[in-house]
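Next comes work12.pdb, a file with PDB, C-alpha atoms.
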```pdb
ATOM      1  CA  ALA W  29    -122.790 -10.341 214.944
ATOM      2  CA  GLU W  30    -121.852 -13.936 215.811
ATOM      3  CA  PHE W  31    -122.575 -13.322 219.501
ATOM      4  CA  MET W  32    -125.912 -11.775 218.562
ATOM      5  CA  CYS W  33    -126.927 -14.751 216.422
ATOM      6  CA  ARG W  34    -125.855 -17.303 218.992
ATOM      7  CA  THR W  35    -127.860 -15.517 221.678
ATOM      8  CA  ALA W  36    -131.028 -15.469 219.595
ATOM      9  CA  SER W  37    -130.459 -19.086 218.608
ATOM     10  CA  HIS W  38    -130.218 -20.034 222.289
ATOM     11  CA  LEU W  39    -133.894 -19.111 222.625
ATOM     12  CA  GLY W  40    -134.743 -21.592 219.906
ATOM     13  CA  ALA W  41    -132.646 -24.236 221.619
ATOM     14  CA  VAL W  42    -134.661 -23.879 224.830
ATOM     15  CA  GLY W  43    -137.967 -24.065 222.974
ATOM     16  CA  TYR W  44    -138.867 -20.443 222.261
ATOM     17  CA  ARG W  45    -140.040 -19.941 218.670
ATOM     18  CA  GLU W  46    -141.818 -16.556 218.631
ATOM     19  CA  MET W  47    -138.822 -14.767 217.153
ATOM     20  CA  CYS W  48    -137.128 -14.453 213.806
ATOM     21  CA  LEU W  49    -134.212 -16.818 214.461
ATOM     22  CA  PRO W  50    -130.819 -17.115 212.701
ATOM     23  CA  ILE W  51    -130.028 -20.167 210.614
ATOM     24  CA  PRO W  52    -126.597 -21.757 211.213
ATOM     25  CA  LYS W  53    -124.224 -22.552 208.380
ATOM     26  CA  MET W  54    -121.965 -25.578 208.581
ATOM     27  CA  LYS W  55    -118.239 -25.058 208.957
ATOM     28  CA  GLN W  56    -115.412 -27.562 208.988
ATOM     29  CA  LYS W  57    -113.523 -26.217 211.969
ATOM     30  CA  ARG W  58    -115.026 -25.515 215.354
ATOM     31  CA  ALA W  59    -116.760 -22.201 216.045
ATOM     32  CA  PRO W  60    -114.592 -19.651 217.864
ATOM     33  CA  TYR W  61    -116.709 -19.410 221.048
ATOM     34  CA  THR W  62    -117.854 -22.969 221.742
ATOM     35  CA  ASN W  63    -117.226 -26.448 220.370
ATOM     36  CA  ASP W  64    -120.224 -26.290 218.033
ATOM     37  CA  PRO W  65    -119.314 -27.346 214.471
ATOM     38  CA  TYR W  66    -121.037 -24.357 212.874
ATOM     39  CA  VAL W  67    -121.220 -20.564 212.825
ATOM     40  CA  TYR W  68    -123.951 -18.155 211.736
ATOM     41  CA  VAL W  69    -122.197 -15.187 210.177
ATOM     42  CA  SER W  70    -120.553 -14.886 206.785
ATOM     43  CA  GLN W  71    -117.692 -12.412 206.387
ATOM     44  CA  ARG W  72    -117.532 -12.791 202.602
ATOM     45  CA  GLU W  73    -119.919 -10.012 201.607
ATOM     46  CA  SER W  74    -118.447  -7.535 199.116
ATOM     47  CA  ASN W  75    -119.234  -4.524 201.320
ATOM     48  CA  GLY W  76    -117.539  -6.070 204.340
ATOM     49  CA  ILE W  77    -120.711  -6.090 206.422
ATOM     50  CA  PRO W  78    -121.356  -9.402 208.232
ATOM     51  CA  ALA W  79    -124.377 -11.282 206.882
ATOM     52  CA  PHE W  80    -126.565 -14.111 208.152
ATOM     53  CA  LEU W  81    -129.824 -15.837 207.282
ATOM     54  CA  LEU W  82    -133.029 -15.673 209.309
ATOM     55  CA  ASN W  83    -136.045 -17.936 209.201
ATOM     56  CA  TYR W  84    -139.188 -16.593 207.539
ATOM     57  CA  VAL W  85    -142.112 -15.320 209.615
ATOM     58  CA  GLU W  86    -145.420 -13.845 208.484
ATOM     59  CA  GLY W  87    -147.294 -10.834 209.787
ATOM     60  CA  GLU W  88    -147.452  -7.048 209.800
ATOM     61  CA  GLN W  89    -145.677  -4.654 212.122
ATOM     62  CA  ALA W  90    -147.631  -4.306 215.338
ATOM     63  CA  ASP W  91    -147.668  -0.508 215.277
ATOM     64  CA  LYS W  92    -149.284  -0.524 211.829
ATOM     65  CA  VAL W  93    -151.903  -3.076 212.868
ATOM     66  CA  MET W  94    -152.841  -0.955 215.899
ATOM     67  CA  ARG W  95    -153.070   2.197 213.790
ATOM     68  CA  ASP W  96    -155.191   0.512 211.124
ATOM     69  CA  ASN W  97    -157.503  -1.187 213.618
ATOM     70  CA  PRO W  98    -157.444   0.527 217.040
ATOM     71  CA  LYS W  99    -159.979  -1.948 218.440
ATOM     72  CA  LEU W 100    -157.347  -4.670 218.081
ATOM     73  CA  ALA W 101    -154.714  -2.709 220.027
ATOM     74  CA  PRO W 102    -155.379  -4.354 223.435
ATOM     75  CA  VAL W 103    -155.250  -7.791 221.795
ATOM     76  CA  VAL W 104    -151.974  -6.881 220.109
ATOM     77  CA  MET W 105    -150.457  -5.605 223.344
ATOM     78  CA  ARG W 106    -151.603  -8.618 225.347
ATOM     79  CA  GLY W 107    -149.987 -10.866 222.753
ATOM     80  CA  ILE W 108    -146.755  -8.865 222.837
ATOM     81  CA  GLY W 109    -146.671  -9.069 226.623
ATOM     82  CA  GLY W 110    -147.267 -12.806 226.546
ATOM     83  CA  GLY W 111    -144.559 -13.364 223.957
ATOM     84  CA  LEU W 112    -142.069 -11.330 225.950
ATOM     85  CA  GLY W 113    -143.007 -13.147 229.148
ATOM     86  CA  ARG W 114    -142.463 -16.528 227.496
ATOM     87  CA  MET W 115    -139.132 -15.361 226.067
ATOM     88  CA  HIS W 116    -137.949 -14.314 229.502
ATOM     89  CA  SER W 117    -139.275 -17.417 231.247
ATOM     90  CA  ALA W 118    -137.439 -19.628 228.761
ATOM     91  CA  SER W 119    -134.045 -18.095 229.540
ATOM     92  CA  VAL W 120    -134.255 -16.684 233.080
ATOM     93  CA  GLY W 121    -131.346 -17.595 235.356
ATOM     94  CA  LEU W 122    -128.466 -16.994 232.967
ATOM     95  CA  ASP W 123    -125.411 -15.321 234.454
ATOM     96  CA  LYS W 124    -122.122 -14.190 232.944
ATOM     97  CA  GLU W 125    -120.463 -17.595 233.363
ATOM     98  CA  LYS W 126    -123.366 -19.486 231.808
ATOM     99  CA  ALA W 127    -123.618 -16.969 229.001
ATOM    100  CA  ALA W 128    -119.920 -17.377 228.218
ATOM    101  CA  SER W 129    -120.204 -21.180 228.192
ATOM    102  CA  HIS W 130    -122.871 -20.925 225.473
ATOM    103  CA  GLY W 131    -121.063 -18.188 223.531
ATOM    104  CA  LEU W 132    -123.859 -15.697 224.233
ATOM    105  CA  ARG W 133    -123.747 -11.908 224.055
ATOM    106  CA  TRP W 134    -123.355 -10.278 227.492
ATOM    107  CA  TYR W 135    -124.835  -6.785 227.910
ATOM    108  CA  GLU W 136    -121.913  -5.357 229.922
ATOM    109  CA  THR W 137    -119.152  -6.298 227.466
ATOM    110  CA  ASP W 138    -120.683  -7.105 224.082
ATOM    111  CA  GLY W 139    -123.397  -4.476 223.584
ATOM    112  CA  GLY W 140    -127.146  -4.909 223.373
ATOM    113  CA  CYS W 141    -129.954  -3.597 225.617
ATOM    114  CA  CYS W 142    -129.791  -0.238 223.796
ATOM    115  CA  ASP W 143    -126.054  -0.132 224.662
ATOM    116  CA  VAL W 144    -126.982   0.839 228.222
ATOM    117  CA  GLU W 145    -123.517  -0.078 229.494
ATOM    118  CA  ASP W 146    -122.058   2.763 227.406
ATOM    119  CA  GLN W 147    -124.223   5.063 229.503
ATOM    120  CA  VAL W 148    -123.065   3.461 232.761
ATOM    121  CA  GLN W 149    -119.395   3.775 231.784
ATOM    122  CA  ASP W 150    -119.823   7.455 230.752
ATOM    123  CA  LYS W 151    -118.790   6.708 227.172
ATOM    124  CA  VAL W 152    -121.802   8.609 225.844
ATOM    125  CA  LEU W 153    -121.332  11.495 228.274
ATOM    126  CA  ASN W 154    -117.683  11.802 227.277
ATOM    127  CA  LYS W 155    -118.674  11.908 223.613
ATOM    128  CA  ILE W 156    -121.107  14.727 224.310
ATOM    129  CA  MET W 157    -118.629  16.704 226.401
ATOM    130  CA  ALA W 158    -115.932  16.316 223.734
ATOM    131  CA  ASP W 159    -118.079  18.144 221.196
ATOM    132  CA  PRO W 160    -117.686  21.950 221.451
ATOM    133  CA  ASP W 161    -121.296  22.608 220.490
ATOM    134  CA  ALA W 162    -123.001  19.771 222.340
ATOM    135  CA  ARG W 163    -121.266  20.289 225.688
ATOM    136  CA  ASN W 164    -123.103  23.586 226.195
ATOM    137  CA  HIS W 165    -126.461  22.363 224.949
ATOM    138  CA  GLU W 166    -129.509  22.609 227.233
ATOM    139  CA  PHE W 167    -129.885  18.829 226.982
ATOM    140  CA  VAL W 168    -126.709  18.212 228.988
ATOM    141  CA  ALA W 169    -128.011  19.291 232.413
ATOM    142  CA  PHE W 170    -131.116  17.132 231.961
ATOM    143  CA  TYR W 171    -129.032  14.193 230.768
ATOM    144  CA  LYS W 172    -126.571  14.327 233.668
ATOM    145  CA  ARG W 173    -129.402  14.379 236.197
ATOM    146  CA  GLU W 174    -131.134  11.391 234.633
ATOM    147  CA  LEU W 175    -127.839   9.583 234.109
ATOM    148  CA  ASP W 176    -127.239   9.510 237.856
ATOM    149  CA  ASP W 177    -130.523   7.664 238.332
ATOM    150  CA  LEU W 178    -129.737   5.316 235.441
ATOM    151  CA  LYS W 179    -126.504   4.246 237.115
ATOM    152  CA  LYS W 180    -128.241   3.643 240.445
ATOM    153  CA  GLU W 181    -130.941   1.530 238.826
ATOM    154  CA  MET W 182    -128.510  -0.509 236.726
ATOM    155  CA  GLN W 183    -126.619  -1.388 239.899
ATOM    156  CA  LEU W 184    -129.569  -3.651 240.751
ATOM    157  CA  ALA W 185    -128.695  -5.742 237.703
ATOM    158  CA  LYS W 186    -125.008  -5.774 238.518
ATOM    159  CA  ASP W 187    -125.414  -6.872 242.151
ATOM    160  CA  GLY W 188    -127.724  -9.755 241.284
ATOM    161  CA  SER W 189    -130.960  -8.222 242.575
ATOM    162  CA  LEU W 190    -132.670  -8.353 239.173
ATOM    163  CA  ALA W 191    -133.276 -11.490 237.111
ATOM    164  CA  LEU W 192    -131.144 -11.897 233.993
ATOM    165  CA  GLY W 193    -131.907 -13.787 230.811
ATOM    166  CA  VAL W 194    -132.078 -13.358 227.051
ATOM    167  CA  THR W 195    -133.586  -9.978 226.189
ATOM    168  CA  HIS W 196    -134.729  -8.756 222.802
ATOM    169  CA  GLY W 197    -133.219  -5.388 223.661
ATOM    170  CA  ASP W 198    -135.396  -3.242 221.376
ATOM    171  CA  PRO W 199    -138.977  -4.585 221.599
ATOM    172  CA  PHE W 200    -140.719  -1.564 220.091
ATOM    173  CA  ALA W 201    -143.955  -2.179 218.199
ATOM    174  CA  ASP W 202    -142.246  -1.771 214.805
ATOM    175  CA  ASN W 203    -139.908  -4.659 215.715
ATOM    176  CA  ILE W 204    -142.792  -7.049 216.356
ATOM    177  CA  LEU W 205    -145.040  -8.781 213.811
ATOM    178  CA  CYS W 206    -148.608  -9.824 214.473
ATOM    179  CA  HIS W 207    -151.460 -11.220 212.396
ATOM    180  CA  PRO W 208    -153.480  -8.258 211.056
ATOM    181  CA  GLU W 209    -156.834 -10.045 211.119
ATOM    182  CA  SER W 210    -156.709 -11.247 214.731
ATOM    183  CA  GLY W 211    -153.980  -9.113 216.333
ATOM    184  CA  GLU W 212    -152.314 -12.251 217.700
ATOM    185  CA  LEU W 213    -148.517 -12.278 218.014
ATOM    186  CA  SER W 214    -146.509 -13.712 215.146
ATOM    187  CA  ALA W 215    -142.871 -13.027 216.069
ATOM    188  CA  PHE W 216    -140.325 -10.562 217.393
ATOM    189  CA  ILE W 217    -137.974  -9.413 214.633
ATOM    190  CA  ASP W 218    -134.791  -7.301 214.373
ATOM    191  CA  ILE W 219    -132.364  -9.086 216.688
ATOM    192  CA  GLU W 220    -129.674  -6.374 216.567
ATOM    193  CA  ASP W 221    -129.899  -5.629 220.322
ATOM    194  CA  VAL W 222    -130.531  -9.166 221.603
ATOM    195  CA  CYS W 223    -128.286 -10.126 224.525
ATOM    196  CA  VAL W 224    -128.248 -11.581 228.018
ATOM    197  CA  GLY W 225    -129.299  -8.752 230.311
ATOM    198  CA  PRO W 226    -131.809  -7.617 232.941
ATOM    199  CA  LEU W 227    -135.303  -8.814 232.041
ATOM    200  CA  LEU W 228    -136.883  -5.709 233.568
ATOM    201  CA  PHE W 229    -134.991  -3.566 231.054
ATOM    202  CA  ASP W 230    -136.701  -5.442 228.221
ATOM    203  CA  LEU W 231    -140.208  -5.145 229.654
ATOM    204  CA  ALA W 232    -139.780  -1.432 230.395
ATOM    205  CA  CYS W 233    -138.332  -0.834 226.931
ATOM    206  CA  CYS W 234    -141.351  -2.554 225.395
ATOM    207  CA  ALA W 235    -143.681  -0.348 227.436
ATOM    208  CA  ILE W 236    -142.042   2.943 226.448
ATOM    209  CA  GLY W 237    -142.058   1.895 222.792
ATOM    210  CA  CYS W 238    -145.673   0.724 222.655
ATOM    211  CA  VAL W 239    -148.025   2.396 225.135
ATOM    212  CA  PHE W 240    -147.593   6.153 224.692
ATOM    213  CA  LYS W 241    -150.191   8.174 222.791
ATOM    214  CA  GLU W 242    -150.887  11.800 221.925
ATOM    215  CA  SER W 243    -152.608  13.482 224.859
ATOM    216  CA  ASP W 244    -156.023  15.123 224.904
ATOM    217  CA  GLU W 245    -158.012  17.019 227.506
ATOM    218  CA  GLU W 246    -159.361  13.845 229.099
ATOM    219  CA  ASP W 247    -155.921  12.347 229.740
ATOM    220  CA  ASP W 248    -154.761  12.475 233.361
ATOM    221  CA  GLY W 249    -156.668  15.672 234.114
ATOM    222  CA  HIS W 250    -154.455  18.754 233.980
ATOM    223  CA  LEU W 251    -151.396  16.692 233.000
ATOM    224  CA  GLY W 252    -152.929  16.036 229.599
ATOM    225  CA  ASN W 253    -152.623  19.764 228.929
ATOM    226  CA  ILE W 254    -148.974  19.898 230.009
ATOM    227  CA  HIS W 255    -147.512  16.796 228.367
ATOM    228  CA  PRO W 256    -147.895  16.186 224.618
ATOM    229  CA  GLN W 257    -147.709  12.397 225.057
ATOM    230  CA  VAL W 258    -149.132  10.276 227.857
ATOM    231  CA  VAL W 259    -149.444   6.611 228.765
ATOM    232  CA  ASP W 260    -152.415   4.745 227.331
ATOM    233  CA  PHE W 261    -153.289   2.806 230.461
ATOM    234  CA  THR W 262    -155.534   0.376 228.583
ATOM    235  CA  LEU W 263    -152.577  -0.712 226.466
ATOM    236  CA  LEU W 264    -150.192  -0.782 229.442
ATOM    237  CA  GLN W 265    -152.648  -2.976 231.361
ATOM    238  CA  ALA W 266    -152.920  -5.331 228.379
ATOM    239  CA  LEU W 267    -149.127  -5.545 228.051
ATOM    240  CA  LEU W 268    -148.658  -6.352 231.745
ATOM    241  CA  ASP W 269    -151.591  -8.780 231.849
ATOM    242  CA  GLY W 270    -150.093 -10.702 228.944
ATOM    243  CA  TYR W 271    -146.603 -10.661 230.423
ATOM    244  CA  CYS W 272    -147.606 -11.717 233.928
ATOM    245  CA  ALA W 273    -149.704 -14.582 232.582
ATOM    246  CA  ASP W 274    -146.425 -16.219 231.512
ATOM    247  CA  ARG W 275    -143.943 -14.730 233.979
ATOM    248  CA  LYS W 276    -145.029 -13.290 237.300
ATOM    249  CA  LEU W 277    -143.279  -9.990 237.871
ATOM    250  CA  PRO W 278    -141.137 -10.199 241.042
ATOM    251  CA  THR W 279    -141.881  -7.555 243.680
ATOM    252  CA  LEU W 280    -138.567  -5.734 243.186
ATOM    253  CA  GLU W 281    -139.113  -5.527 239.425
ATOM    254  CA  ALA W 282    -142.614  -4.161 239.948
ATOM    255  CA  GLU W 283    -141.289  -1.538 242.361
ATOM    256  CA  HIS W 284    -138.651  -0.357 239.871
ATOM    257  CA  PHE W 285    -140.740  -0.657 236.717
ATOM    258  CA  VAL W 286    -141.348   3.085 236.276
ATOM    259  CA  ALA W 287    -137.695   3.888 236.994
ATOM    260  CA  TYR W 288    -136.705   1.455 234.237
ATOM    261  CA  MET W 289    -139.211   3.067 231.896
ATOM    262  CA  ARG W 290    -137.358   6.348 232.438
ATOM    263  CA  LEU W 291    -134.004   4.583 232.119
ATOM    264  CA  THR W 292    -134.833   2.996 228.762
ATOM    265  CA  LEU W 293    -136.307   6.255 227.517
ATOM    266  CA  LEU W 294    -133.049   7.995 228.406
ATOM    267  CA  CYS W 295    -131.019   5.511 226.363
ATOM    268  CA  ASN W 296    -133.174   6.160 223.297
ATOM    269  CA  CYS W 297    -133.430   9.906 223.939
ATOM    270  CA  CYS W 298    -129.651  10.208 224.186
ATOM    271  CA  TRP W 299    -129.168   8.121 221.042
ATOM    272  CA  ARG W 300    -131.264  10.610 219.085
ATOM    273  CA  PHE W 301    -129.415  13.592 220.517
ATOM    274  CA  VAL W 302    -125.964  12.183 219.779
ATOM    275  CA  LYS W 303    -126.816  10.902 216.312
ATOM    276  CA  PHE W 304    -128.431  14.068 214.992
ATOM    277  CA  ASN W 305    -126.560  16.734 216.941
ATOM    278  CA  ILE W 306    -123.037  15.275 217.004
ATOM    279  CA  VAL W 307    -122.461  12.330 214.648
ATOM    280  CA  GLU W 308    -124.362  13.788 211.678
ATOM    281  CA  LYS W 309    -124.236  17.482 212.502
ATOM    282  CA  ASP W 310    -122.216  18.279 209.352
ATOM    283  CA  ASN W 311    -124.744  16.547 207.084
ATOM    284  CA  ASP W 312    -127.370  19.287 206.944
ATOM    285  CA  VAL W 313    -129.647  17.504 209.401
ATOM    286  CA  PRO W 314    -133.181  18.980 209.479
ATOM    287  CA  ASP W 315    -134.329  20.654 212.684
ATOM    288  CA  GLN W 316    -137.022  18.028 213.163
ATOM    289  CA  ALA W 317    -134.367  15.328 213.493
ATOM    290  CA  LYS W 318    -132.093  17.482 215.667
ATOM    291  CA  ASN W 319    -134.952  18.098 218.071
ATOM    292  CA  SER W 320    -136.413  14.575 217.988
ATOM    293  CA  TYR W 321    -134.812  13.814 221.370
ATOM    294  CA  ARG W 322    -137.285  16.239 222.985
ATOM    295  CA  GLU W 323    -140.204  13.881 222.425
ATOM    296  CA  LEU W 324    -138.563  11.265 224.640
ATOM    297  CA  MET W 325    -137.275  13.833 227.108
ATOM    298  CA  GLN W 326    -140.890  14.981 227.603
ATOM    299  CA  ARG W 327    -141.955  11.385 228.237
ATOM    300  CA  ILE W 328    -139.327  11.102 230.975
ATOM    301  CA  GLU W 329    -140.559  14.319 232.572
ATOM    302  CA  TYR W 330    -144.131  13.006 232.399
ATOM    303  CA  LEU W 331    -143.062   9.823 234.220
ATOM    304  CA  ARG W 332    -141.543  12.029 236.935
ATOM    305  CA  GLU W 333    -145.041  13.219 237.872
ATOM    306  CA  SER W 334    -145.828  11.562 241.207
ATOM    307  CA  GLU W 335    -149.463  10.884 240.344
ATOM    308  CA  ILE W 336    -148.477   9.175 237.105
ATOM    309  CA  GLU W 337    -145.881   6.996 238.812
ATOM    310  CA  SER W 338    -148.464   6.024 241.446
ATOM    311  CA  LYS W 339    -151.055   5.246 238.790
ATOM    312  CA  ILE W 340    -148.645   2.989 236.900
ATOM    313  CA  GLN W 341    -147.627   1.217 240.123
TER
END
```

Just dump the structure as structure tokens.
Amino acid sequence: AEFMCRTASHLGAVGYREMCLPIPKMKQKRAPYTNDPYVYVSQRESNGIPAFLLNYVEGEQADKVMRDNPKLAPVVMRGIGGGLGRMHSASVGLDKEKAASHGLRWYETDGGCCDVEDQVQDKVLNKIMADPDARNHEFVAFYKRELDDLKKEMQLAKDGSLALGVTHGDPFADNILCHPESGELSAFIDIEDVCVGPLLFDLACCAIGCVFKESDEEDDGHLGNIHPQVVDFTLLQALLDGYCADRKLPTLEAEHFVAYMRLTLLCNCCWRFVKFNIVEKDNDVPDQAKNSYRELMQRIEYLRESEIESKIQ
């Protein structure tokens, strides 16, 4: 929790304010990670859960604003893209050494970015295969196939090909506030997954959490009849227009954007499968929750369609 707070606070230190930021508390002795005379997290809560204060921001969740006023949706998405682009521009260029010197959370060792490193290190796969029911589930073959691609794509972050910086880690529309009257961005909230990681991961994660819609007959021709959810290209265009106005997308990131959409979907898809089919399987979980992973699995399969990938590119 301390790493998480320090990472979010770093954005404030470099001038980024469009996020719900932690408030430091003074402490007599030096903080454990740097020489700063303060920490953020209190360990004195009666339930043992670390606690910290955040500054106050106004607004409504972006997904609600877009549902209530669909005409504002492109404005909302353009604002989200711009806010994410400014966040990334403010922190781009961080590496593991620089992150450590500031006491920041690093995605490979400290979590964040949807815990993608647990996928890379096969921790999630091992958990699935250790469960006698899950190991024979139809999901496993699909997961293993997609996991191979995830590892290949994440290698681009590990070998220095992709830009690194502070990422929100979970920039879905329900983790973003905007002003309901205008649709303009207010702030990113919920800093649980914030860390230093690949910026492309963050942008792709935002896309998969904000631009899908229920399909109809007019969507992508015959594909709208096959896939229950499809990309709303008006919203995707608005997101990318807003983002690229503040941070131009490097060629390599543009080329791998769809692959990272699938990658981030897999992280969230697998989380649902593990939580409701392994972790909570003895808690009388309803079938709707057990099968909730299928929604995201279908999105991945949709993004495998060559014409869709070409259209997004």

Expand the PyMOL selection byres ((chain W and resi 149) around 12) into the explicit residue set it covers here, and present it as a ChimeraX atom specification.
/W:136-137,143-148,150-155,175-176,178-179,182

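Candidate residues W:Ser70, W:Gln341, W:Ser119, W:Asn83 were compared for distance to Leu268 in chain W, and the nearest is W:Gln341, using only C-alpha atoms.
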
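Taking all atoms listed in the file into account, the protein, DNA and RNA residues within 9 Å of (-138.4, 7.8, 240.8) read Asp177, His284, Val286, Ala287, Arg290, Leu331, Arg332, Ser334 and Glu337 of chain W.
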
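Among W:Gly193, W:Gly111, W:Gly139, W:Pro78, the residue with the shortest atom-to-atom distance to Met47 in chain W, counting all atoms listed in the file, is W:Gly111.
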
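Those residues returned by the PyMOL selection byres ((chain W and resi 282) around 12) for this file are Leu190, Leu227, Leu228, Phe229, Leu231, Ala232, Leu268, Cys272, Lys276, Leu277, Pro278, Thr279, Leu280, Glu281, Glu283, His284, Phe285, Val286, Ala287, Tyr288, Met289, Glu337, Ser338, Ile340 and Gln341 of chain W.
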
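Of the residues under consideration (W:Asp274, W:Asp187, W:Asp221, W:Asp123), W:Asp274 shows the shortest atom-to-atom contact distance to Ile108 in chain W when counting all atoms listed in the file.
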
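If you measure from each of W:Cys298, W:Ile306, W:Cys206, W:Cys223 to Ala101 in chain W using only C-alpha atoms, the closest one turns out to be W:Cys206.
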
Starting from the shown file, work through the PyMOL selection byres ((chain W and resi 256) around 6) and note down what comes out as a count of residues only.
4

Rank W:Leu39, W:Cys141, W:Ala29, W:Ala201 by their smallest atom-to-atom distance to Gly225 in chain W, using all atoms listed in the file, and report the top residue only.
W:Cys141

One residue among W:Thr195, W:Thr35, W:Gln183, W:Thr292 is nearest to Leu132 in chain W when using only C-alpha atoms, and that residue is W:Thr35

All residues 9 Å or closer to Arg106 in chain W, all atoms listed in the file, same chain fewer than 3 positions away omitted, as a list in words:
Ala101, Pro102, Val103, Gly109, Gly110, Gly111, Glu212, Leu213, Leu263, Leu264, Gln265, Ala266, Leu267, Leu268, Asp269, Gly270 and Tyr271 of chain W

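Our summary of the geometry notes that CA of Gly40 in chain W is positioned 9.5 Å from CA of Ala118 in chain W.
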